[in-house]
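Asker: Below you'll find the structure I mean.
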Amino acid sequence: MSLKRMGDQNIHTNSNIEMRHQFIRHLLDDIEALEILLEEGKIEKGITRIGAEQEFCLVTPSWRPSPVGSQVLDEINDPHFTTELAKFNLEINLDPIELKNSAFQTMETQLRELLHKAKNVSQNHNSQVLLTGILPSISSHEVGLEFMTEHARYFALNEMFTKLRGTDFSLHLSGVDELSVKHHTVMFEACNTSFQMHLQIDPDDFINSYNWSQAIAGPILGISVNSPLLLGRELWQETRIALFQQSIDTRSISQALKDQQPRVTFGDSWAEGSVADIFKNEISRYKIILSKDIEENSLDLVRNGDIPKLRALNLHNGTIYRWNRACYGVGGGKAHVRIENRYIPSGPTVLDEMANFAFWVGLMVGRPKKYENVHELMDFCDAKSNFMKSARHGCESKMIWMGEEISLKALIIDTLLPIAYAGLKKVNVDEKDINRLLAVIEKRVETHTPAQWMIKSYRNLKKKMKPDEALIALTSEIHANHSTQKPVHEWKVSVADEYIESNATKLGHIMSDKLFTAFMNDTVELTINIMKWKNIRHIPVVDENEQLVGLLTRTHIENLKKKMSLTNESILVSKIMEKDMIIADTSTGIEKAINIMKKNEIGCLPVLQKNQLVGIVTIEDLKRFEYD
């Protein structure tokens with residue numbers, strides 16, 4: 001799940017009107033060419049292939065994001081690898097393979113070999129490879145533009161998305177915790193890594209297959225969730241779903257009131273017509289934000305008996321991020337259509353990913369005849385609701401399946417796994433492989449999903465560690481467990497039996513971000529009581545815009561007590577607060593902070609990021625780092 005590199009260097013941001021018009025002409029020609037290919041039966045049928053894209057993270061020995069993607073990619077020198085939006089992510093494109101016999105084993109072997117290749121090269125750059133939906137140890141520091149991969153296409157996408165938005169992007173995610181933040185770029189999307197799965201579909205069955213893929217998306221997501229944490233907050237079981245939509249939501253508030261669809265979407269209705277009608281719908285609903293120079297004319301190629309690549313259509317389609325996306329491609333000189341499943345997270349192991357893949361493919365090819373017209377049996381809003389409930393609550397969700405309420409676990413065990421078994425047998429996948437992979441899904445239902453393991457482990461680790469230390473320990477354990485090649489249902493929940501040495505380096509890693517603040521116009525009496533109740537010695541003072549304007553410390557208050565009565569209700573915080581403060585940034589090094597506090601004989605440092613108060617660090621927080 002990412003803002004894909006477009007593959008060509010001649011991408012434009014529609015600043016040139018003439019180029020835009022030429023691109024639109026190619027786009028309309030591509031739709032007409034596709035309809036001709038469909039009418040003449042020139043879209044490949046009678047064969048089913050699978051393919052996949054593996055996104056992964058690069059991390060430092062301290063388990064922080066490692067921005068060495070370009071160097072690793074250059075050294076690997078393998079066309080299966082490509083860049084991602086962030087410097088600390090890369091992607092592997094697996095070879096398409098016909099769905100039969102040992103297809104999944106063959107794909108798994110290739111994936112393991114390529115990941116091993118990435119691991120060996122990454123170690124040359126003092127980094128490790130990690131499979132996870134959202135890297136637990138990522139911080140707000142790593143979502144700045146300085147971490148964006150240096151390719152013009154990424155900056156073009158960022159430019160267009162921010163221009164369409166017209167204001168800062170906003171994230172507001174609420175689960176067990178809440179996260180509210182504004183940001184200036186699309187880089188928060190780079191927190192997401194996924195395992196994207198492709199399935200070739202016969203064109204005559206595309207609409208029924210596409211609708212079926214929508215119907216089963218909720219339960220498949222619910223048993224695959226692997227991204228419950230972002231910036232130390234426990235949010236959705238699959239936080240990627242909300243994060244991806246909000247991080248590149250180009251709608252202004254007024255447009256949202258007009259019910260304009262976000263560019264990341266599940267959709268709002270069942271598909272109708274043909275695959276060409278799906279693409280027409282996308283062109284009708286979504287503004288064309290990128291164009292490029294195209295020399296070939298797809299209509300001329302079709303009329304001459306050739307197969308066009310429909311470059312304009314694919315470029316536009318690549319800027320719309322449906323969780324189930326219709327795709328057109330050309331391979332071996334033949335055109336095909338496929339469904340791309342974009343909602344499955346990366347990791348936590350290759351075996352877990354292949355089990356998710358087999359489960360989805362088995363359900364797709366095993367669709368019972370009674371579900372052939374699923375749009376007549378199931379309300380689309382139920383399918384969409386199931387998807388969102390699974391993203392929020394994972395396998396504990398209640399599904400509405402064909403009008404009846406059922407637990408997700410029961411739906412998988414009693415209905416969906418039998419369909420998947422039958423589907424894979426029907427296409428002659430090796431029975432040993434079927435049993436091996438689908439058993440992982442069944443065991444996961446009985447034990448825990450990746451997200452449940454992560455949440456339980458994180459909560460245990462936090463009992464004896466600060467949140468950032470717990471996130472680092474959790475990331476380390478994910479890597480250690482992945483190295484065993486055991487699926488997540490065999491992982492033991494982490495327990496912090498002993499203190500794990502911190503390898504934090506920045507204030508942003510160790511600061512307290514659950515702040516108590518005083519307002520300028522609060523009374524001193526109120527503030528003193530809050531400090532007493534919460535046993536805190538330092539409290540930042542903010543104005544009505546939440547901007548830092550001062551600081552109160554217990555020592556400062558005690559000194560003033562000798563000079564004046566601070567219990568008088570008429571005395572405001574603004575009258576006694578320290579205005580001449582020494583502050584730090586989230587990127588300030590810990591050693592530097594220790595020196596600043598010693599030199600100035602102060603007990604705390606308010607921590608800012610982009611001029612916004614985000615935390616506070618005290619001398620107590622820093623004591624143990626003096627001897628590192």
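Following the order of the structure tokens, chains are lettered A, B, ..., residues in each are numbered from 1, and ligands are numbered from 1.
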I want to know what sits within 12 Å of Lys623 in chain A, based on only C-alpha atoms, with residues of the same chain fewer than 5 positions away left out; could you give that as a ChimeraX atom specification?

Answerer: /A:510,590-591,593-595,597-598,603-604,617-618,628

Asker: Atoms to include: N, CA, C and O atoms. Write the selected residues as a PDB file, in the first residue's frame.

Answerer:
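Writing the result to again-v7.pdb gives the following:
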ATOM      1  N   ILE A 510      12.597   9.733  24.105  1.00  0.00           N
ATOM      2  CA  ILE A 510      12.439   9.489  25.545  1.00  0.00           C
ATOM      3  C   ILE A 510      11.537  10.500  26.241  1.00  0.00           C
ATOM      4  O   ILE A 510      11.230  10.352  27.418  1.00  0.00           O
ATOM      5  N   ILE A 590      20.445  13.320  23.042  1.00  0.00           N
ATOM      6  CA  ILE A 590      20.347  13.180  24.498  1.00  0.00           C
ATOM      7  C   ILE A 590      21.589  13.750  25.185  1.00  0.00           C
ATOM      8  O   ILE A 590      21.489  14.460  26.193  1.00  0.00           O
ATOM      9  N   GLU A 591      22.765  13.458  24.646  1.00  0.00           N
ATOM     10  CA  GLU A 591      23.995  13.959  25.262  1.00  0.00           C
ATOM     11  C   GLU A 591      24.022  15.484  25.258  1.00  0.00           C
ATOM     12  O   GLU A 591      24.402  16.120  26.259  1.00  0.00           O
ATOM     13  N   ALA A 593      21.417  17.436  25.278  1.00  0.00           N
ATOM     14  CA  ALA A 593      20.415  17.899  26.240  1.00  0.00           C
ATOM     15  C   ALA A 593      20.964  17.854  27.663  1.00  0.00           C
ATOM     16  O   ALA A 593      20.732  18.773  28.464  1.00  0.00           O
ATOM     17  N   ILE A 594      21.696  16.778  27.978  1.00  0.00           N
ATOM     18  CA  ILE A 594      22.300  16.665  29.320  1.00  0.00           C
ATOM     19  C   ILE A 594      23.252  17.835  29.562  1.00  0.00           C
ATOM     20  O   ILE A 594      23.228  18.473  30.625  1.00  0.00           O
ATOM     21  N   ASN A 595      24.069  18.156  28.575  1.00  0.00           N
ATOM     22  CA  ASN A 595      25.013  19.258  28.722  1.00  0.00           C
ATOM     23  C   ASN A 595      24.307  20.594  28.887  1.00  0.00           C
ATOM     24  O   ASN A 595      24.725  21.442  29.690  1.00  0.00           O
ATOM     25  N   MET A 597      21.304  21.132  30.165  1.00  0.00           N
ATOM     26  CA  MET A 597      20.658  21.208  31.474  1.00  0.00           C
ATOM     27  C   MET A 597      21.682  21.403  32.586  1.00  0.00           C
ATOM     28  O   MET A 597      21.451  22.139  33.554  1.00  0.00           O
ATOM     29  N   LYS A 598      22.835  20.768  32.472  1.00  0.00           N
ATOM     30  CA  LYS A 598      23.886  20.948  33.478  1.00  0.00           C
ATOM     31  C   LYS A 598      24.434  22.374  33.443  1.00  0.00           C
ATOM     32  O   LYS A 598      24.609  23.028  34.481  1.00  0.00           O
ATOM     33  N   GLY A 603      16.060  21.927  35.450  1.00  0.00           N
ATOM     34  CA  GLY A 603      15.573  20.571  35.697  1.00  0.00           C
ATOM     35  C   GLY A 603      14.722  19.982  34.601  1.00  0.00           C
ATOM     36  O   GLY A 603      14.339  18.812  34.670  1.00  0.00           O
ATOM     37  N   CYS A 604      14.402  20.776  33.576  1.00  0.00           N
ATOM     38  CA  CYS A 604      13.571  20.218  32.494  1.00  0.00           C
ATOM     39  C   CYS A 604      13.789  21.002  31.220  1.00  0.00           C
ATOM     40  O   CYS A 604      14.297  22.130  31.231  1.00  0.00           O
ATOM     41  N   VAL A 617      11.112  16.815  28.837  1.00  0.00           N
ATOM     42  CA  VAL A 617      12.138  15.914  29.344  1.00  0.00           C
ATOM     43  C   VAL A 617      12.686  16.509  30.629  1.00  0.00           C
ATOM     44  O   VAL A 617      13.003  17.707  30.686  1.00  0.00           O
ATOM     45  N   THR A 618      12.793  15.687  31.666  1.00  0.00           N
ATOM     46  CA  THR A 618      13.319  16.150  32.940  1.00  0.00           C
ATOM     47  C   THR A 618      14.695  15.547  33.201  1.00  0.00           C
ATOM     48  O   THR A 618      15.107  14.593  32.533  1.00  0.00           O
ATOM     49  N   ASP A 628      26.026   6.117  29.702  1.00  0.00           N
ATOM     50  CA  ASP A 628      25.977   5.235  28.539  1.00  0.00           C
ATOM     51  C   ASP A 628      27.277   5.306  27.747  1.00  0.00           C
ATOM     52  O   ASP A 628      27.904   6.352  27.684  1.00  0.00           O
TER      53      ASP A 628
END

Asker: Select, from A:Gln612, A:Ser224, A:Thr475, A:Gln245, the residue with the minimum atom-to-atom distance to Thr449 in chain A, counting only C-alpha atoms.

Answerer: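 Closest candidate: A:Ser224.
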
Asker: Pick out the closest residue to Pro450 in chain A from this set: A:Asp468, A:Glu431, A:Asp352, A:Asp414. Count only C-alpha atoms.

Answerer: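 Nearest to Pro450 in chain A: A:Asp352.
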
Asker: Range 128-143 of chain A: which residues within 7 Å, counting only C-alpha atoms, same-chain residues fewer than 2 positions away excluded, as number ranges by chain?

Answerer: A: 56-60, 63-65, 119, 122-123, 145, 147, 187-188, 191-194, 226-227, 229-231, 345-349, 471-472, 475, 479

Asker: With N, CA and C atoms kept, could you save the residues just selected as a tab-separated table (two decimals), in the first residue's frame?

Answerer:
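Result saved to selection-v4.tsv:
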chain	number	residue	atom	x	y	z
A	56	PHE	N	8.84	-3.79	2.55
A	56	PHE	CA	9.51	-4.10	3.81
A	56	PHE	C	10.26	-2.88	4.32
A	57	CYS	N	10.57	-2.91	5.62
A	57	CYS	CA	11.27	-1.82	6.29
A	57	CYS	C	12.75	-2.13	6.44
A	58	LEU	N	13.54	-1.08	6.47
A	58	LEU	CA	14.95	-1.18	6.82
A	58	LEU	C	15.14	-0.49	8.16
A	59	VAL	N	15.80	-1.17	9.09
A	59	VAL	CA	15.98	-0.62	10.43
A	59	VAL	C	17.44	-0.65	10.84
A	60	THR	N	17.80	0.27	11.71
A	60	THR	CA	19.17	0.38	12.23
A	60	THR	C	19.39	-0.67	13.32
A	63	TRP	N	17.05	-0.35	15.98
A	63	TRP	CA	15.66	-0.65	15.60
A	63	TRP	C	14.87	0.59	15.22
A	64	ARG	N	15.57	1.63	14.76
A	64	ARG	CA	14.94	2.83	14.20
A	64	ARG	C	14.92	2.71	12.68
A	65	PRO	N	14.06	3.47	12.00
A	65	PRO	CA	14.07	3.45	10.54
A	65	PRO	C	15.44	3.84	9.99
A	119	LYS	N	18.53	-8.85	2.92
A	119	LYS	CA	19.12	-8.91	4.26
A	119	LYS	C	20.65	-8.82	4.19
A	122	SER	N	21.65	-5.31	3.08
A	122	SER	CA	21.32	-4.33	4.12
A	122	SER	C	22.35	-4.35	5.24
A	123	GLN	N	22.86	-5.53	5.57
A	123	GLN	CA	23.86	-5.62	6.62
A	123	GLN	C	25.14	-4.88	6.26
A	145	LEU	N	10.01	15.50	5.04
A	145	LEU	CA	10.41	15.42	3.63
A	145	LEU	C	11.84	14.93	3.46
A	147	PHE	N	13.11	12.48	4.63
A	147	PHE	CA	13.11	11.02	4.54
A	147	PHE	C	12.40	10.52	3.28
A	187	MET	N	3.97	12.22	3.73
A	187	MET	CA	4.94	11.26	4.27
A	187	MET	C	4.40	10.36	5.38
A	188	PHE	N	3.30	10.72	6.01
A	188	PHE	CA	2.75	9.82	7.01
A	188	PHE	C	2.33	8.50	6.35
A	191	CYS	N	4.51	5.38	6.65
A	191	CYS	CA	4.51	4.48	7.81
A	191	CYS	C	3.96	3.11	7.44
A	192	ASN	N	3.21	3.03	6.35
A	192	ASN	CA	2.51	1.80	5.97
A	192	ASN	C	3.37	0.91	5.08
A	193	THR	N	3.37	-0.38	5.37
A	193	THR	CA	3.93	-1.36	4.44
A	193	THR	C	2.95	-2.52	4.30
A	194	SER	N	2.84	-3.04	3.10
A	194	SER	CA	1.80	-4.05	2.84
A	194	SER	C	2.34	-5.20	2.01
A	226	ASN	N	-2.30	-6.51	11.49
A	226	ASN	CA	-0.92	-6.53	11.98
A	226	ASN	C	-0.38	-5.12	12.21
A	227	SER	N	-1.25	-4.13	12.43
A	227	SER	CA	-0.77	-2.75	12.56
A	227	SER	C	-1.55	-1.99	13.62
A	229	LEU	N	-0.36	-0.22	16.24
A	229	LEU	CA	0.36	0.85	16.93
A	229	LEU	C	0.88	1.88	15.94
A	230	LEU	N	0.79	3.14	16.32
A	230	LEU	CA	1.39	4.24	15.55
A	230	LEU	C	1.84	5.30	16.53
A	231	LEU	N	3.12	5.63	16.50
A	231	LEU	CA	3.72	6.64	17.38
A	231	LEU	C	3.42	6.33	18.84
A	345	PRO	N	-1.58	-6.34	5.42
A	345	PRO	CA	-0.33	-5.75	5.90
A	345	PRO	C	0.88	-6.64	5.61
A	346	SER	N	2.02	-6.04	5.60
A	346	SER	CA	3.26	-6.80	5.52
A	346	SER	C	3.48	-7.58	6.81
A	347	GLY	N	4.07	-8.76	6.68
A	347	GLY	CA	4.49	-9.55	7.84
A	347	GLY	C	3.37	-10.27	8.56
A	348	PRO	N	3.65	-10.72	9.79
A	348	PRO	CA	4.95	-10.60	10.45
A	348	PRO	C	5.99	-11.62	9.97
A	349	THR	N	5.55	-12.66	9.23
A	349	THR	CA	6.49	-13.62	8.65
A	349	THR	C	6.06	-13.93	7.22
A	471	LEU	N	8.55	0.17	22.68
A	471	LEU	CA	8.40	0.08	21.22
A	471	LEU	C	9.67	-0.48	20.58
A	472	ILE	N	10.82	-0.05	21.09
A	472	ILE	CA	12.09	-0.56	20.58
A	472	ILE	C	12.21	-2.05	20.90
A	475	THR	N	9.91	-4.02	18.62
A	475	THR	CA	10.47	-4.13	17.26
A	475	THR	C	11.56	-5.18	17.21
A	479	HIS	N	11.58	-8.87	15.05
A	479	HIS	CA	12.68	-9.35	14.20
A	479	HIS	C	13.19	-10.71	14.66

Asker: Set the distance at 12 Å and use only C-alpha atoms: which residues neighbour Pro79 in chain A once local chain neighbours fewer than 4 positions away are removed? I'd like the list as a list in words.

Answerer: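 Answer for this query is Gly7, Leu73, Asp74, Glu75, Thr83, Glu91, Ile92, Asn93, Leu94, Asp95 and Leu114 of chain A.
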
Asker: For the selection just defined, write its residues with C-alpha atoms to a file, as a compact mmCIF listing (two decimals), in the first residue's frame.

Answerer:
# COMPACT_ATOMS: atom_id res chain seq x y z
CA GLY A 7 8.17 3.81 -13.68
CA LEU A 73 18.80 -0.87 -3.99
CA ASP A 74 21.87 0.15 -5.98
CA GLU A 75 23.97 -2.61 -4.44
CA THR A 83 11.97 2.10 -4.30
CA GLU A 91 9.57 -3.26 -2.40
CA ILE A 92 9.99 -6.64 -4.07
CA ASN A 93 7.91 -7.49 -7.16
CA LEU A 94 7.51 -11.25 -7.41
CA ASP A 95 7.23 -13.04 -10.74
CA LEU A 114 14.90 -12.20 -2.42

Asker: Hey, what's within 6 Å of range 323-339 of chain A if we count only C-alpha atoms and toss same-chain stuff fewer than 6 positions away? As a list in words, please?

Answerer: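 Result of the neighbour search: Ile43, Glu44, His198, Leu199, Gln200, Ile201 and Phe266 of chain A.
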
Asker: Could you dump the residues just selected with C-alpha atoms as a compact mmCIF listing (two decimals), in the first residue's frame?

Answerer:
# COMPACT_ATOMS: atom_id res chain seq x y z
CA ILE A 43 -8.31 -10.24 -23.10
CA GLU A 44 -6.69 -13.48 -21.95
CA HIS A 198 -2.74 -10.05 -7.48
CA LEU A 199 -5.14 -12.54 -9.06
CA GLN A 200 -5.81 -12.74 -12.78
CA ILE A 201 -9.53 -12.92 -13.59
CA PHE A 266 -13.47 0.78 -0.28

Asker: Mind checking which residues fall within 12 Å of Leu424 in chain A, counting only C-alpha atoms, ignoring those fewer than 2 positions away in the same chain, and posting them as JSON, numbers by chain?

Answerer: {"A": [48, 99, 100, 101, 102, 103, 104, 357, 358, 359, 360, 361, 362, 363, 364, 365, 366, 367, 417, 418, 419, 420, 421, 422, 426, 427, 428, 429, 430, 431, 432, 433, 434, 435, 437, 438]}

Asker: Restricted to C-alpha atoms, what would the selected residues look like written as a tab-separated table (two decimals), in the first residue's frame?

Answerer:
chain	number	residue	atom	x	y	z
A	48	THR	CA	-5.25	-17.92	-13.75
A	99	LEU	CA	-2.10	-20.96	-10.15
A	100	LYS	CA	-1.64	-24.73	-9.96
A	101	ASN	CA	0.39	-27.46	-8.26
A	102	SER	CA	3.25	-25.91	-6.26
A	103	ALA	CA	2.46	-22.29	-7.14
A	104	PHE	CA	2.45	-21.04	-3.55
A	357	PHE	CA	-2.53	-15.18	0.15
A	358	ALA	CA	-3.74	-18.79	-0.06
A	359	PHE	CA	-6.83	-17.96	2.00
A	360	TRP	CA	-7.78	-15.06	-0.29
A	361	VAL	CA	-7.05	-16.91	-3.54
A	362	GLY	CA	-8.86	-20.04	-2.34
A	363	LEU	CA	-11.95	-17.97	-1.53
A	364	MET	CA	-11.78	-16.15	-4.87
A	365	VAL	CA	-11.47	-19.24	-7.07
A	366	GLY	CA	-13.72	-21.34	-4.83
A	367	ARG	CA	-16.69	-18.97	-4.85
A	417	LEU	CA	-12.12	-21.94	5.29
A	418	PRO	CA	-14.12	-24.81	3.71
A	419	ILE	CA	-14.68	-22.64	0.62
A	420	ALA	CA	-10.96	-21.82	0.44
A	421	TYR	CA	-9.97	-25.50	0.79
A	422	ALA	CA	-12.37	-26.47	-2.00
A	426	LYS	CA	-10.35	-27.17	-7.70
A	427	VAL	CA	-7.34	-25.48	-9.33
A	428	ASN	CA	-5.07	-28.41	-8.40
A	429	VAL	CA	-2.87	-26.71	-5.83
A	430	ASP	CA	-0.84	-29.37	-4.01
A	431	GLU	CA	-2.93	-30.66	-1.11
A	432	LYS	CA	0.06	-30.62	1.22
A	433	ASP	CA	0.50	-26.91	0.53
A	434	ILE	CA	-3.22	-26.25	1.01
A	435	ASN	CA	-3.23	-27.92	4.40
A	437	LEU	CA	-1.09	-22.72	4.62
A	438	LEU	CA	-4.74	-22.78	5.61

Asker: Identify all residues of range 30-153 of chain A in strand (DSSP E or B) (DSSP on the backbone) and supply them as number ranges by chain.

Answerer: A: 43, 49-59, 65, 81-83, 86, 89-93, 97-98, 101, 128-130, 134, 148

Asker: Keeping only N, CA and C atoms, write the selected residues as a PDB file, in the first residue's frame.

Answerer:
ATOM      1  N   ILE A  43      -8.816 -10.208 -24.458  1.00  0.00           N
ATOM      2  CA  ILE A  43      -8.310 -10.238 -23.096  1.00  0.00           C
ATOM      3  C   ILE A  43      -8.161 -11.706 -22.703  1.00  0.00           C
ATOM      4  N   ARG A  49      -3.369 -16.617 -13.035  1.00  0.00           N
ATOM      5  CA  ARG A  49      -2.035 -16.401 -12.489  1.00  0.00           C
ATOM      6  C   ARG A  49      -2.133 -15.587 -11.200  1.00  0.00           C
ATOM      7  N   ILE A  50      -1.130 -15.750 -10.362  1.00  0.00           N
ATOM      8  CA  ILE A  50      -1.033 -14.966  -9.137  1.00  0.00           C
ATOM      9  C   ILE A  50       0.285 -14.202  -9.135  1.00  0.00           C
ATOM     10  N   GLY A  51       0.312 -13.113  -8.428  1.00  0.00           N
ATOM     11  CA  GLY A  51       1.529 -12.314  -8.280  1.00  0.00           C
ATOM     12  C   GLY A  51       1.449 -11.548  -6.973  1.00  0.00           C
ATOM     13  N   ALA A  52       2.546 -10.954  -6.555  1.00  0.00           N
ATOM     14  CA  ALA A  52       2.539 -10.239  -5.282  1.00  0.00           C
ATOM     15  C   ALA A  52       3.645  -9.198  -5.245  1.00  0.00           C
ATOM     16  N   GLU A  53       3.449  -8.213  -4.373  1.00  0.00           N
ATOM     17  CA  GLU A  53       4.434  -7.163  -4.100  1.00  0.00           C
ATOM     18  C   GLU A  53       4.685  -7.143  -2.598  1.00  0.00           C
ATOM     19  N   GLN A  54       5.935  -7.277  -2.227  1.00  0.00           N
ATOM     20  CA  GLN A  54       6.334  -7.307  -0.818  1.00  0.00           C
ATOM     21  C   GLN A  54       7.027  -6.001  -0.437  1.00  0.00           C
ATOM     22  N   GLU A  55       6.379  -5.214   0.402  1.00  0.00           N
ATOM     23  CA  GLU A  55       7.023  -4.024   0.948  1.00  0.00           C
ATOM     24  C   GLU A  55       7.679  -4.389   2.283  1.00  0.00           C
ATOM     25  N   PHE A  56       8.836  -3.792   2.546  1.00  0.00           N
ATOM     26  CA  PHE A  56       9.513  -4.099   3.807  1.00  0.00           C
ATOM     27  C   PHE A  56      10.257  -2.876   4.323  1.00  0.00           C
ATOM     28  N   CYS A  57      10.574  -2.912   5.617  1.00  0.00           N
ATOM     29  CA  CYS A  57      11.270  -1.815   6.288  1.00  0.00           C
ATOM     30  C   CYS A  57      12.747  -2.131   6.443  1.00  0.00           C
ATOM     31  N   LEU A  58      13.545  -1.084   6.467  1.00  0.00           N
ATOM     32  CA  LEU A  58      14.952  -1.181   6.815  1.00  0.00           C
ATOM     33  C   LEU A  58      15.143  -0.489   8.160  1.00  0.00           C
ATOM     34  N   VAL A  59      15.803  -1.168   9.090  1.00  0.00           N
ATOM     35  CA  VAL A  59      15.976  -0.618  10.431  1.00  0.00           C
ATOM     36  C   VAL A  59      17.445  -0.645  10.837  1.00  0.00           C
ATOM     37  N   PRO A  65      14.057   3.473  12.003  1.00  0.00           N
ATOM     38  CA  PRO A  65      14.066   3.454  10.537  1.00  0.00           C
ATOM     39  C   PRO A  65      15.439   3.837   9.991  1.00  0.00           C
ATOM     40  N   PHE A  81      13.499  -5.552  -7.326  1.00  0.00           N
ATOM     41  CA  PHE A  81      13.437  -4.576  -6.242  1.00  0.00           C
ATOM     42  C   PHE A  81      13.161  -3.186  -6.800  1.00  0.00           C
ATOM     43  N   THR A  82      12.438  -2.392  -6.034  1.00  0.00           N
ATOM     44  CA  THR A  82      12.182  -1.014  -6.422  1.00  0.00           C
ATOM     45  C   THR A  82      12.046  -0.151  -5.180  1.00  0.00           C
ATOM     46  N   THR A  83      12.050   1.156  -5.405  1.00  0.00           N
ATOM     47  CA  THR A  83      11.967   2.096  -4.295  1.00  0.00           C
ATOM     48  C   THR A  83      10.543   2.204  -3.763  1.00  0.00           C
ATOM     49  N   ALA A  86       9.356   6.276   1.143  1.00  0.00           N
ATOM     50  CA  ALA A  86      10.342   6.636   2.168  1.00  0.00           C
ATOM     51  C   ALA A  86      11.680   5.963   1.913  1.00  0.00           C
ATOM     52  N   ASN A  89      12.096   2.282   3.274  1.00  0.00           N
ATOM     53  CA  ASN A  89      11.270   1.183   2.759  1.00  0.00           C
ATOM     54  C   ASN A  89      11.723   0.792   1.359  1.00  0.00           C
ATOM     55  N   LEU A  90      11.581  -0.484   1.035  1.00  0.00           N
ATOM     56  CA  LEU A  90      11.790  -0.969  -0.327  1.00  0.00           C
ATOM     57  C   LEU A  90      10.682  -1.954  -0.666  1.00  0.00           C
ATOM     58  N   GLU A  91      10.608  -2.325  -1.954  1.00  0.00           N
ATOM     59  CA  GLU A  91       9.571  -3.258  -2.402  1.00  0.00           C
ATOM     60  C   GLU A  91      10.170  -4.318  -3.311  1.00  0.00           C
ATOM     61  N   ILE A  92       9.624  -5.520  -3.187  1.00  0.00           N
ATOM     62  CA  ILE A  92       9.987  -6.637  -4.072  1.00  0.00           C
ATOM     63  C   ILE A  92       8.772  -6.966  -4.929  1.00  0.00           C
ATOM     64  N   ASN A  93       8.965  -7.045  -6.245  1.00  0.00           N
ATOM     65  CA  ASN A  93       7.915  -7.487  -7.157  1.00  0.00           C
ATOM     66  C   ASN A  93       8.195  -8.929  -7.555  1.00  0.00           C
ATOM     67  N   ILE A  97       2.920 -16.207 -11.587  1.00  0.00           N
ATOM     68  CA  ILE A  97       3.019 -17.655 -11.748  1.00  0.00           C
ATOM     69  C   ILE A  97       1.622 -18.240 -11.907  1.00  0.00           C
ATOM     70  N   GLU A  98       1.516 -19.263 -12.744  1.00  0.00           N
ATOM     71  CA  GLU A  98       0.209 -19.879 -12.956  1.00  0.00           C
ATOM     72  C   GLU A  98      -0.254 -20.581 -11.681  1.00  0.00           C
ATOM     73  N   ASN A 101      -0.667 -26.629  -8.851  1.00  0.00           N
ATOM     74  CA  ASN A 101       0.386 -27.458  -8.262  1.00  0.00           C
ATOM     75  C   ASN A 101       1.137 -26.742  -7.136  1.00  0.00           C
ATOM     76  N   GLN A 128      18.947  -3.802   9.019  1.00  0.00           N
ATOM     77  CA  GLN A 128      18.257  -5.086   8.999  1.00  0.00           C
ATOM     78  C   GLN A 128      16.937  -4.948   8.245  1.00  0.00           C
ATOM     79  N   VAL A 129      16.428  -6.069   7.757  1.00  0.00           N
ATOM     80  CA  VAL A 129      15.129  -6.124   7.076  1.00  0.00           C
ATOM     81  C   VAL A 129      14.059  -6.533   8.078  1.00  0.00           C
ATOM     82  N   LEU A 130      12.905  -5.862   8.020  1.00  0.00           N
ATOM     83  CA  LEU A 130      11.811  -6.179   8.939  1.00  0.00           C
ATOM     84  C   LEU A 130      10.483  -6.151   8.194  1.00  0.00           C
ATOM     85  N   ILE A 134       3.054  -1.541  10.253  1.00  0.00           N
ATOM     86  CA  ILE A 134       3.556  -0.222  10.650  1.00  0.00           C
ATOM     87  C   ILE A 134       4.715  -0.477  11.605  1.00  0.00           C
ATOM     88  N   MET A 148      11.947  11.431   2.409  1.00  0.00           N
ATOM     89  CA  MET A 148      11.313  11.015   1.159  1.00  0.00           C
ATOM     90  C   MET A 148      12.377  10.583   0.154  1.00  0.00           C
TER      91      MET A 148
END

Asker: Measuring between only C-alpha atoms, which one of A:His116, A:Lys466, A:Lys309, A:His448 shows the shortest distance to Lys492 in chain A?

Answerer: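 The shortest atom-to-atom distance to Lys492 in chain A comes from A:His448.
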
Asker: For a quick check of understanding, using only C-alpha atoms, which of A:Leu299, A:Ile528, A:Leu164, A:Ala312 has the smallest distance to His26 in chain A?

Answerer: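 Between A:Leu299, A:Ile528, A:Leu164, A:Ala312, the residue approaching His26 in chain A most closely is A:Ala312.
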
Asker: Skipping near chain neighbours, those fewer than 4 positions away, what residues fall within 9 Å of Tyr286 in chain A using only C-alpha atoms, listed as a list in words?

Answerer: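 The residues satisfying every condition are Gln260, Gln261, Pro262, Arg263, Asn281, Glu282, His316 and Ile320 of chain A.
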
Asker: May I ask which of the residues A:Ser587, A:Ser274, A:Gln452, A:Asn600 is the closest one to Trp491 in chain A, counting only C-alpha atoms?

Answerer: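 Using only C-alpha atoms, the shortest distance to Trp491 in chain A belongs to A:Gln452.
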
Asker: Per DSSP on the backbone, filter range 92-273 of chain A down to the residues in helix (DSSP H, G or I) and report them as a PyMOL selection string.

Answerer: chain A and resi 103-124+140-143+145-147+152-165+187-191+203-215+217-224+239-247+253-257

Asker: Between A:Ser62, A:Ser298, A:Asn611, A:Thr553, single out the one closest to Thr505 in chain A, counting only C-alpha atoms.

Answerer: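 Comparing A:Ser62, A:Ser298, A:Asn611, A:Thr553 against Thr505 in chain A, the winner is A:Ser62.
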
Asker: Record the distance separating CA of His393 in chain A and CA of Gly175 in chain A, expressed in Å with one decimal.

Answerer: 9.2 Å

Asker: Distance CA of Leu377 in chain A-CA of Arg322 in chain A, one decimal place?

Answerer: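 Result for CA of Leu377 in chain A versus CA of Arg322 in chain A: 22.6 Å, one decimal.
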